[in-house]
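What follows is final23.csv (CSV, N, CA and C atoms).
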```
chain,number,residue,atom,x,y,z
A,216,PRO,N,0.8,-1.2,0.0
A,216,PRO,CA,0.0,0.0,0.0
A,216,PRO,C,0.9,1.3,0.0
A,217,GLU,N,0.3,2.3,-0.5
A,217,GLU,CA,1.0,3.6,-0.6
A,217,GLU,C,1.4,4.2,0.8
A,218,GLU,N,0.5,3.9,1.8
A,218,GLU,CA,0.7,4.5,3.1
A,218,GLU,C,1.7,3.7,4.0
A,219,LEU,N,2.3,2.7,3.4
A,219,LEU,CA,3.2,1.8,4.2
A,219,LEU,C,4.4,2.6,4.7
A,220,GLY,N,4.9,3.5,3.9
A,220,GLY,CA,6.1,4.3,4.3
A,220,GLY,C,5.8,5.1,5.5
A,221,PRO,N,4.7,5.9,5.7
A,221,PRO,CA,4.5,6.6,6.9
A,221,PRO,C,4.3,5.6,8.1
A,222,PHE,N,3.7,4.5,7.8
A,222,PHE,CA,3.5,3.5,8.9
A,222,PHE,C,4.9,3.0,9.4
A,223,LEU,N,5.8,2.7,8.5
A,223,LEU,CA,7.1,2.2,9.0
A,223,LEU,C,7.9,3.3,9.7
A,224,ALA,N,7.7,4.6,9.2
A,224,ALA,CA,8.4,5.7,9.8
A,224,ALA,C,7.9,5.9,11.2
A,225,ASN,N,6.6,5.8,11.4
A,225,ASN,CA,6.0,5.9,12.7
A,225,ASN,C,6.4,4.8,13.6
A,226,TYR,N,6.5,3.6,13.1
A,226,TYR,CA,6.9,2.4,13.8
A,226,TYR,C,8.4,2.6,14.3
A,227,VAL,N,9.2,3.0,13.4
A,227,VAL,CA,10.6,3.2,13.8
A,227,VAL,C,10.8,4.3,14.8
A,228,GLU,N,10.0,5.3,14.7
A,228,GLU,CA,10.1,6.4,15.7
A,228,GLU,C,9.6,5.9,17.0
A,229,ARG,N,8.5,5.2,17.0
A,229,ARG,CA,8.0,4.7,18.3
A,229,ARG,C,8.9,3.7,18.9
A,230,ARG,N,9.5,2.8,18.1
A,230,ARG,CA,10.3,1.7,18.6
A,230,ARG,C,11.6,2.2,19.1
A,231,PHE,N,12.2,3.2,18.5
A,231,PHE,CA,13.6,3.6,18.8
A,231,PHE,C,13.7,5.0,19.4
A,232,GLY,N,12.7,5.8,19.2
A,232,GLY,CA,12.8,7.2,19.5
A,232,GLY,C,11.9,7.7,20.7
A,233,GLU,N,10.7,7.2,20.7
A,233,GLU,CA,9.7,7.8,21.6
A,233,GLU,C,9.7,6.9,22.8
A,234,THR,N,9.9,7.5,24.0
A,234,THR,CA,9.7,6.8,25.2
A,234,THR,C,8.4,7.1,25.9
A,235,ASN,N,7.8,8.2,25.5
A,235,ASN,CA,6.5,8.6,26.0
A,235,ASN,C,5.4,7.6,25.6
A,236,THR,N,4.6,7.2,26.5
A,236,THR,CA,3.5,6.2,26.2
A,236,THR,C,2.3,6.9,25.6
A,237,LYS,N,2.2,8.2,25.7
A,237,LYS,CA,1.0,8.9,25.2
A,237,LYS,C,1.1,8.9,23.6
A,238,ARG,N,-0.1,8.7,23.0
A,238,ARG,CA,-0.2,8.7,21.6
A,238,ARG,C,-0.3,10.1,21.1
A,239,ARG,N,0.4,10.4,20.0
A,239,ARG,CA,0.2,11.7,19.3
A,239,ARG,C,-1.0,11.7,18.5
A,240,ALA,N,-1.6,12.8,18.3
A,240,ALA,CA,-2.8,12.9,17.4
A,240,ALA,C,-2.5,12.5,16.0
A,241,GLY,N,-3.3,11.7,15.5
A,241,GLY,CA,-3.2,11.3,14.1
A,241,GLY,C,-2.2,10.2,13.9
A,242,SER,N,-1.7,9.5,14.9
A,242,SER,CA,-0.7,8.5,14.7
A,242,SER,C,-1.3,7.1,14.8
A,243,SER,N,-2.6,7.0,14.7
A,243,SER,CA,-3.3,5.7,14.7
A,243,SER,C,-2.9,4.9,13.5
A,244,MET,N,-2.7,3.6,13.8
A,244,MET,CA,-2.3,2.7,12.7
A,244,MET,C,-3.4,2.6,11.6
A,245,CYS,N,-4.6,2.6,12.1
A,245,CYS,CA,-5.7,2.5,11.1
A,245,CYS,C,-5.8,3.7,10.2
A,246,SER,N,-5.5,4.9,10.7
A,246,SER,CA,-5.6,6.1,9.9
A,246,SER,C,-4.4,6.1,8.9
A,247,ILE,N,-3.2,5.6,9.4
A,247,ILE,CA,-2.1,5.5,8.5
A,247,ILE,C,-2.2,4.5,7.4
A,248,LEU,N,-2.7,3.4,7.7
A,248,LEU,CA,-2.9,2.3,6.7
A,248,LEU,C,-4.1,2.5,5.8
A,249,LYS,N,-5.1,3.2,6.2
A,249,LYS,CA,-6.3,3.5,5.5
A,249,LYS,C,-6.9,2.3,4.8
A,250,GLY,N,-7.4,1.3,5.6
A,250,GLY,CA,-8.1,0.2,5.0
A,250,GLY,C,-7.2,-1.0,4.7
A,251,CYS,N,-6.0,-0.9,4.8
A,251,CYS,CA,-5.1,-2.1,4.6
A,251,CYS,C,-5.3,-3.1,5.8
A,252,ASP,N,-5.8,-4.3,5.5
A,252,ASP,CA,-6.0,-5.2,6.6
A,252,ASP,C,-4.9,-6.2,6.8
A,253,ALA,N,-3.9,-6.3,5.9
A,253,ALA,CA,-2.8,-7.2,6.1
A,253,ALA,C,-1.6,-6.7,5.4
A,254,VAL,N,-0.4,-7.1,6.0
A,254,VAL,CA,0.9,-6.8,5.4
A,254,VAL,C,1.5,-8.2,5.2
A,255,THR,N,1.7,-8.6,3.9
A,255,THR,CA,2.3,-9.9,3.6
A,255,THR,C,3.8,-9.8,3.4
A,256,VAL,N,4.5,-10.7,4.1
A,256,VAL,CA,6.0,-10.8,3.9
A,256,VAL,C,6.3,-12.0,3.1
A,257,GLU,N,6.9,-11.8,2.0
A,257,GLU,CA,7.2,-12.9,1.1
A,257,GLU,C,8.7,-12.9,0.7
A,258,SER,N,9.2,-14.1,0.5
A,258,SER,CA,10.6,-14.2,0.0
A,258,SER,C,10.6,-13.8,-1.5
A,259,VAL,N,11.7,-13.1,-1.9
A,259,VAL,CA,11.7,-12.6,-3.3
A,259,VAL,C,12.3,-13.7,-4.2
A,260,GLY,N,12.0,-14.9,-4.0
A,260,GLY,CA,12.5,-15.9,-4.9
A,260,GLY,C,13.9,-16.4,-4.6
A,261,ARG,N,14.5,-16.0,-3.5
A,261,ARG,CA,15.9,-16.4,-3.2
A,261,ARG,C,15.8,-17.9,-2.7
A,262,GLN,N,16.7,-18.7,-3.3
A,262,GLN,CA,16.9,-20.0,-2.9
A,262,GLN,C,17.7,-20.1,-1.6
A,263,PRO,N,17.4,-21.1,-0.7
A,263,PRO,CA,18.2,-21.2,0.5
A,263,PRO,C,19.7,-21.5,0.2
A,264,SER,N,20.6,-21.0,1.0
A,264,SER,CA,22.0,-21.3,0.8
A,264,SER,C,22.3,-22.7,1.3
A,265,SER,N,23.5,-23.2,0.9
A,265,SER,CA,23.9,-24.5,1.4
A,265,SER,C,24.0,-24.5,2.9
A,266,GLU,N,24.4,-23.4,3.5
A,266,GLU,CA,24.5,-23.3,5.0
A,266,GLU,C,23.1,-23.4,5.6
A,267,GLU,N,22.1,-22.7,5.0
A,267,GLU,CA,20.8,-22.8,5.5
A,267,GLU,C,20.2,-24.2,5.3
A,268,LEU,N,20.5,-24.9,4.2
A,268,LEU,CA,20.0,-26.2,4.0
A,268,LEU,C,20.6,-27.2,5.1
A,269,ALA,N,21.9,-27.0,5.3
A,269,ALA,CA,22.6,-27.8,6.3
A,269,ALA,C,22.0,-27.6,7.7
A,270,ALA,N,21.7,-26.3,8.0
A,270,ALA,CA,21.1,-26.0,9.3
A,270,ALA,C,19.7,-26.6,9.5
A,271,GLY,N,19.0,-26.6,8.4
A,271,GLY,CA,17.7,-27.2,8.4
A,271,GLY,C,17.7,-28.7,8.7
A,272,GLN,N,18.7,-29.4,8.0
A,272,GLN,CA,18.9,-30.8,8.3
A,272,GLN,C,19.3,-31.1,9.7
A,273,MET,N,20.2,-30.2,10.3
A,273,MET,CA,20.6,-30.4,11.7
A,273,MET,C,19.4,-30.2,12.6
A,274,LEU,N,18.5,-29.3,12.3
A,274,LEU,CA,17.3,-29.1,13.1
A,274,LEU,C,16.4,-30.4,13.1
A,275,LEU,N,16.3,-30.9,11.9
A,275,LEU,CA,15.5,-32.1,11.7
A,275,LEU,C,16.1,-33.3,12.5
A,276,GLU,N,17.4,-33.4,12.5
A,276,GLU,CA,18.1,-34.5,13.2
A,276,GLU,C,17.9,-34.3,14.7
A,277,ILE,N,17.9,-33.0,15.2
A,277,ILE,CA,17.7,-32.8,16.6
A,277,ILE,C,16.3,-33.2,17.0
A,278,ARG,N,15.3,-32.8,16.1
A,278,ARG,CA,13.9,-33.2,16.4
A,278,ARG,C,13.7,-34.7,16.5
A,279,GLN,N,14.4,-35.4,15.6
A,279,GLN,CA,14.3,-36.9,15.6
A,279,GLN,C,14.9,-37.5,16.8
A,280,LEU,N,16.0,-36.9,17.3
A,280,LEU,CA,16.6,-37.4,18.5
A,280,LEU,C,15.6,-37.1,19.7
A,281,ARG,N,15.0,-36.0,19.7
A,281,ARG,CA,14.1,-35.6,20.8
A,281,ARG,C,12.9,-36.6,20.8
A,282,ARG,N,12.3,-36.8,19.6
A,282,ARG,CA,11.2,-37.7,19.5
A,282,ARG,C,11.6,-39.1,20.0
A,283,LYS,N,12.8,-39.6,19.7
A,283,LYS,CA,13.2,-40.9,20.1
A,283,LYS,C,13.2,-41.0,21.6
A,284,TYR,N,13.6,-40.0,22.3
A,284,TYR,CA,13.7,-40.1,23.7
A,284,TYR,C,12.4,-39.7,24.4
A,285,VAL,N,11.6,-38.9,23.8
A,285,VAL,CA,10.4,-38.5,24.4
A,285,VAL,C,9.4,-39.7,24.4
A,286,SER,N,9.4,-40.4,23.2
A,286,SER,CA,8.4,-41.5,23.1
A,286,SER,C,8.9,-42.8,23.6
A,287,PHE,N,10.1,-42.8,24.2
A,287,PHE,CA,10.6,-44.1,24.7
A,287,PHE,C,9.9,-44.4,26.0
A,288,ALA,N,9.4,-45.6,26.1
A,288,ALA,CA,8.7,-46.1,27.3
A,288,ALA,C,9.3,-47.4,27.7
A,289,PRO,N,10.0,-47.4,28.9
A,289,PRO,CA,10.6,-48.6,29.3
A,289,PRO,C,9.6,-49.8,29.6
A,290,GLN,N,9.9,-50.9,29.2
A,290,GLN,CA,9.1,-52.1,29.3
A,290,GLN,C,9.7,-53.1,30.3
A,291,ALA,N,8.8,-53.7,31.1
A,291,ALA,CA,9.3,-54.7,32.0
A,291,ALA,C,10.0,-55.9,31.2
A,292,ALA,N,11.3,-56.2,31.6
A,292,ALA,CA,12.0,-57.2,30.9
A,292,ALA,C,11.6,-58.6,31.1
A,293,GLY,N,11.2,-58.9,32.3
A,293,GLY,CA,10.7,-60.2,32.6
A,293,GLY,C,9.6,-60.2,33.6
A,294,LYS,N,8.8,-61.3,33.6
A,294,LYS,CA,7.7,-61.3,34.5
A,294,LYS,C,8.0,-61.6,35.9
A,295,SER,N,9.2,-62.2,36.2
A,295,SER,CA,9.6,-62.6,37.5
A,295,SER,C,10.2,-61.4,38.3
A,296,HIS,N,10.8,-60.5,37.7
A,296,HIS,CA,11.4,-59.4,38.4
A,296,HIS,C,10.8,-58.1,37.9
A,297,ALA,N,9.9,-57.5,38.7
A,297,ALA,CA,9.2,-56.2,38.3
A,297,ALA,C,10.2,-55.1,38.2
A,298,ALA,N,11.4,-55.1,38.9
A,298,ALA,CA,12.3,-54.0,38.9
A,298,ALA,C,13.2,-54.0,37.6
A,299,SER,N,13.1,-55.0,36.8
A,299,SER,CA,14.0,-55.1,35.6
A,299,SER,C,13.2,-54.5,34.4
A,300,PHE,N,13.9,-53.5,33.8
A,300,PHE,CA,13.3,-52.8,32.6
A,300,PHE,C,14.2,-52.8,31.4
A,301,THR,N,13.6,-52.7,30.3
A,301,THR,CA,14.5,-52.5,29.1
A,301,THR,C,14.8,-51.0,29.0
A,302,ALA,N,16.0,-50.8,28.5
A,302,ALA,CA,16.4,-49.4,28.3
A,302,ALA,C,17.2,-49.3,27.1
A,303,ILE,N,17.5,-48.1,26.6
A,303,ILE,CA,18.3,-47.8,25.5
A,303,ILE,C,19.7,-48.2,25.8
A,304,ALA,N,20.4,-48.9,24.9
A,304,ALA,CA,21.7,-49.3,25.2
A,304,ALA,C,22.7,-48.1,25.4
A,305,TRP,N,23.6,-48.3,26.4
A,305,TRP,CA,24.5,-47.2,26.7
A,305,TRP,C,25.3,-46.6,25.5
A,306,LYS,N,25.8,-47.5,24.7
A,306,LYS,CA,26.5,-47.0,23.5
A,306,LYS,C,25.6,-46.2,22.6
A,307,GLU,N,24.4,-46.7,22.4
A,307,GLU,CA,23.5,-45.9,21.5
A,307,GLU,C,23.2,-44.5,22.2
A,308,PHE,N,22.9,-44.5,23.5
A,308,PHE,CA,22.7,-43.3,24.2
A,308,PHE,C,23.9,-42.3,24.1
A,309,GLU,N,25.1,-42.9,24.3
A,309,GLU,CA,26.3,-42.1,24.3
A,309,GLU,C,26.5,-41.5,22.9
A,310,GLY,N,26.3,-42.3,21.9
A,310,GLY,CA,26.4,-41.8,20.5
A,310,GLY,C,25.4,-40.7,20.2
A,311,ASP,N,24.2,-40.9,20.6
A,311,ASP,CA,23.1,-39.9,20.4
A,311,ASP,C,23.5,-38.6,21.2
A,312,TYR,N,24.0,-38.7,22.4
A,312,TYR,CA,24.4,-37.6,23.2
A,312,TYR,C,25.6,-36.8,22.5
A,313,GLN,N,26.6,-37.5,22.1
A,313,GLN,CA,27.7,-36.9,21.4
A,313,GLN,C,27.2,-36.2,20.1
A,314,ARG,N,26.3,-36.8,19.4
A,314,ARG,CA,25.8,-36.2,18.1
A,314,ARG,C,25.1,-34.9,18.5
A,315,LEU,N,24.2,-35.0,19.5
A,315,LEU,CA,23.5,-33.8,19.9
A,315,LEU,C,24.4,-32.7,20.3
A,316,LEU,N,25.5,-33.0,21.1
A,316,LEU,CA,26.5,-31.9,21.4
A,316,LEU,C,27.1,-31.3,20.2
A,317,GLN,N,27.4,-32.2,19.2
A,317,GLN,CA,28.0,-31.8,18.0
A,317,GLN,C,27.1,-30.8,17.2
A,318,LEU,N,25.8,-31.2,17.1
A,318,LEU,CA,24.8,-30.4,16.4
A,318,LEU,C,24.6,-29.1,17.1
A,319,LEU,N,24.5,-29.1,18.4
A,319,LEU,CA,24.3,-27.8,19.2
A,319,LEU,C,25.5,-26.9,19.2
A,320,GLY,N,26.7,-27.5,18.9
A,320,GLY,CA,27.9,-26.7,18.9
A,320,GLY,C,28.2,-26.1,17.5
A,321,SER,N,27.3,-26.3,16.5
A,321,SER,CA,27.5,-25.9,15.2
A,321,SER,C,27.3,-24.4,15.0
A,322,SER,N,28.2,-23.7,14.6
A,322,SER,CA,28.0,-22.2,14.4
A,322,SER,C,27.0,-21.9,13.2
A,323,ALA,N,27.0,-22.8,12.2
A,323,ALA,CA,26.0,-22.6,11.2
A,323,ALA,C,24.6,-22.7,11.7
A,324,LEU,N,24.3,-23.6,12.6
A,324,LEU,CA,23.0,-23.8,13.2
A,324,LEU,C,22.7,-22.6,14.0
A,325,TRP,N,23.6,-22.1,14.8
A,325,TRP,CA,23.4,-20.9,15.7
A,325,TRP,C,23.1,-19.7,14.8
A,326,ASN,N,23.9,-19.5,13.8
A,326,ASN,CA,23.7,-18.3,12.9
A,326,ASN,C,22.3,-18.4,12.2
A,327,PHE,N,21.9,-19.5,11.8
A,327,PHE,CA,20.6,-19.7,11.2
A,327,PHE,C,19.5,-19.4,12.2
A,328,CYS,N,19.6,-19.9,13.4
A,328,CYS,CA,18.6,-19.7,14.4
A,328,CYS,C,18.5,-18.2,14.8
A,329,ARG,N,19.7,-17.5,14.9
A,329,ARG,CA,19.7,-16.1,15.2
A,329,ARG,C,19.0,-15.3,14.1
A,330,ARG,N,19.2,-15.6,12.9
A,330,ARG,CA,18.5,-14.9,11.8
A,330,ARG,C,17.0,-15.2,11.8
A,331,ARG,N,16.6,-16.4,12.0
A,331,ARG,CA,15.2,-16.7,12.1
A,331,ARG,C,14.5,-16.0,13.2
A,332,LEU,N,15.2,-16.0,14.4
A,332,LEU,CA,14.7,-15.3,15.5
A,332,LEU,C,14.5,-13.8,15.3
A,333,ALA,N,15.5,-13.2,14.7
A,333,ALA,CA,15.5,-11.8,14.4
A,333,ALA,C,14.3,-11.5,13.4
A,334,ALA,N,14.1,-12.3,12.4
A,334,ALA,CA,13.0,-12.1,11.5
A,334,ALA,C,11.7,-12.3,12.2
A,335,ALA,N,11.6,-13.3,13.0
A,335,ALA,CA,10.3,-13.5,13.8
A,335,ALA,C,10.0,-12.3,14.7
A,336,GLN,N,11.1,-11.8,15.4
A,336,GLN,CA,10.9,-10.7,16.3
A,336,GLN,C,10.5,-9.4,15.5
A,337,GLY,N,11.0,-9.2,14.3
A,337,GLY,CA,10.6,-8.1,13.5
A,337,GLY,C,9.2,-8.2,13.1
A,338,LEU,N,8.7,-9.4,12.7
A,338,LEU,CA,7.3,-9.6,12.3
A,338,LEU,C,6.4,-9.4,13.5
A,339,PHE,N,6.9,-9.8,14.7
A,339,PHE,CA,6.0,-9.7,15.9
A,339,PHE,C,5.9,-8.2,16.3
A,340,GLU,N,7.0,-7.5,16.2
A,340,GLU,CA,6.9,-6.0,16.5
A,340,GLU,C,6.0,-5.3,15.5
A,341,ALA,N,6.1,-5.7,14.2
A,341,ALA,CA,5.2,-5.1,13.2
A,341,ALA,C,3.7,-5.4,13.5
A,342,HIS,N,3.5,-6.7,13.9
A,342,HIS,CA,2.1,-7.1,14.3
A,342,HIS,C,1.6,-6.3,15.5
A,343,ARG,N,2.5,-6.1,16.5
A,343,ARG,CA,2.1,-5.3,17.7
A,343,ARG,C,1.8,-3.9,17.3
A,344,ALA,N,2.6,-3.3,16.4
A,344,ALA,CA,2.3,-1.9,15.9
A,344,ALA,C,1.0,-1.8,15.2
A,345,LEU,N,0.7,-2.8,14.3
A,345,LEU,CA,-0.5,-2.8,13.5
A,345,LEU,C,-1.7,-3.0,14.4
A,346,ASN,N,-1.6,-3.8,15.4
A,346,ASN,CA,-2.8,-4.1,16.2
A,346,ASN,C,-2.8,-3.4,17.6
A,347,GLU,N,-2.1,-2.3,17.7
A,347,GLU,CA,-2.0,-1.6,18.9
A,347,GLU,C,-3.4,-1.1,19.3
A,348,ASP,N,-4.1,-0.5,18.4
A,348,ASP,CA,-5.5,0.1,18.7
A,348,ASP,C,-6.4,-1.0,19.2
A,349,ASN,N,-6.5,-2.2,18.5
A,349,ASN,CA,-7.3,-3.2,18.8
A,349,ASN,C,-7.0,-3.8,20.2
A,350,GLU,N,-5.7,-3.9,20.5
A,350,GLU,CA,-5.4,-4.5,21.8
A,350,GLU,C,-5.7,-3.5,22.9
A,351,ASP,N,-5.6,-2.2,22.7
A,351,ASP,CA,-5.9,-1.2,23.7
A,351,ASP,C,-7.4,-1.2,23.9
A,352,GLU,N,-8.2,-1.5,22.9
A,352,GLU,CA,-9.7,-1.5,23.1
A,352,GLU,C,-10.0,-2.8,24.0
A,353,GLU,N,-9.3,-3.9,23.8
A,353,GLU,CA,-9.6,-5.1,24.6
A,353,GLU,C,-9.2,-4.9,26.0
A,354,ALA,N,-8.2,-4.1,26.3
A,354,ALA,CA,-7.7,-3.9,27.7
A,354,ALA,C,-8.5,-3.0,28.4
```

As structure tokens, how would this structure be written, given the file I've shared?
Amino acid sequence: PEELGPFLANYVERRFGETNTKRRAGSSMCSILKGCDAVTVESVGRQPSSEELAAGQMLLEIRQLRRKYVSFAPQAAGKSHAASFTAIAWKEFEGDYQRLLQLLGSSALWNFCRRRLAAAQGLFEAHRALNEDNEDEEA
């Protein structure tokens, strides 16, 4: 929309410049956007880099390891001894633990997560700015 420039200028001023909680006259998001009900954020056709693809694979592997241990339910090994249970073999557990440490120590994964978090935080701040009037009415 044409009025998105003033909206972003107002947002930047509020986010980084204005510490006063009072609203200035005419700074309502609805009046600035004039009927725009959504702001869509889309990728401009850029393909993920090899580092981003590798980080995505690492996240999938971490999720698989988590599922493996969350869904594990020990079973009684024998009917004669109630205190005897099956468990994951120590070597398997140690290997999974070492792999998890290796994945979590990856700088590529941390960089990817920082970028994703920064993008999500920016979208959340924009959402808060767009819905400020509605949330004030609810409170």

Exercise for the section: Just give me the gap between atom CA of His342 of chain A and atom CA of Ala270 of chain A in Å, one decimal is fine. Expected result: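 The value is 27.3 Å.
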
Practice task
For atom N of Glu267 of chain A and atom CA of Gln317 of chain A, determine how far apart the two atoms are, in Å to one decimal place.
Solution key: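 Separation between atom N of Glu267 of chain A and atom CA of Gln317 of chain A: 16.9 Å.
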
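Our summary of the geometry notes that atom N of Ser321 of chain A is positioned 18.0 Å from atom C of Phe308 of chain A.
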
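With only C-alpha atoms as the atoms that count, the minimum distance from Tyr312 of chain A to the choices A:Ala288, A:Leu324, A:Ala341, A:Leu280 is reached by A:Leu280.
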
Taking all atoms of segment 265-272 of chain A that appear in the file, build a box with edges along x, y and z, extend it by 4 Å on every side, and state its centre and edge lengths in Å to one decimal, as lines of an AutoDock Vina configuration file.
```
center_x = 21.1
center_y = -26.9
center_z = 5.3
size_x = 14.8
size_y = 16.4
size_z = 16.8
```
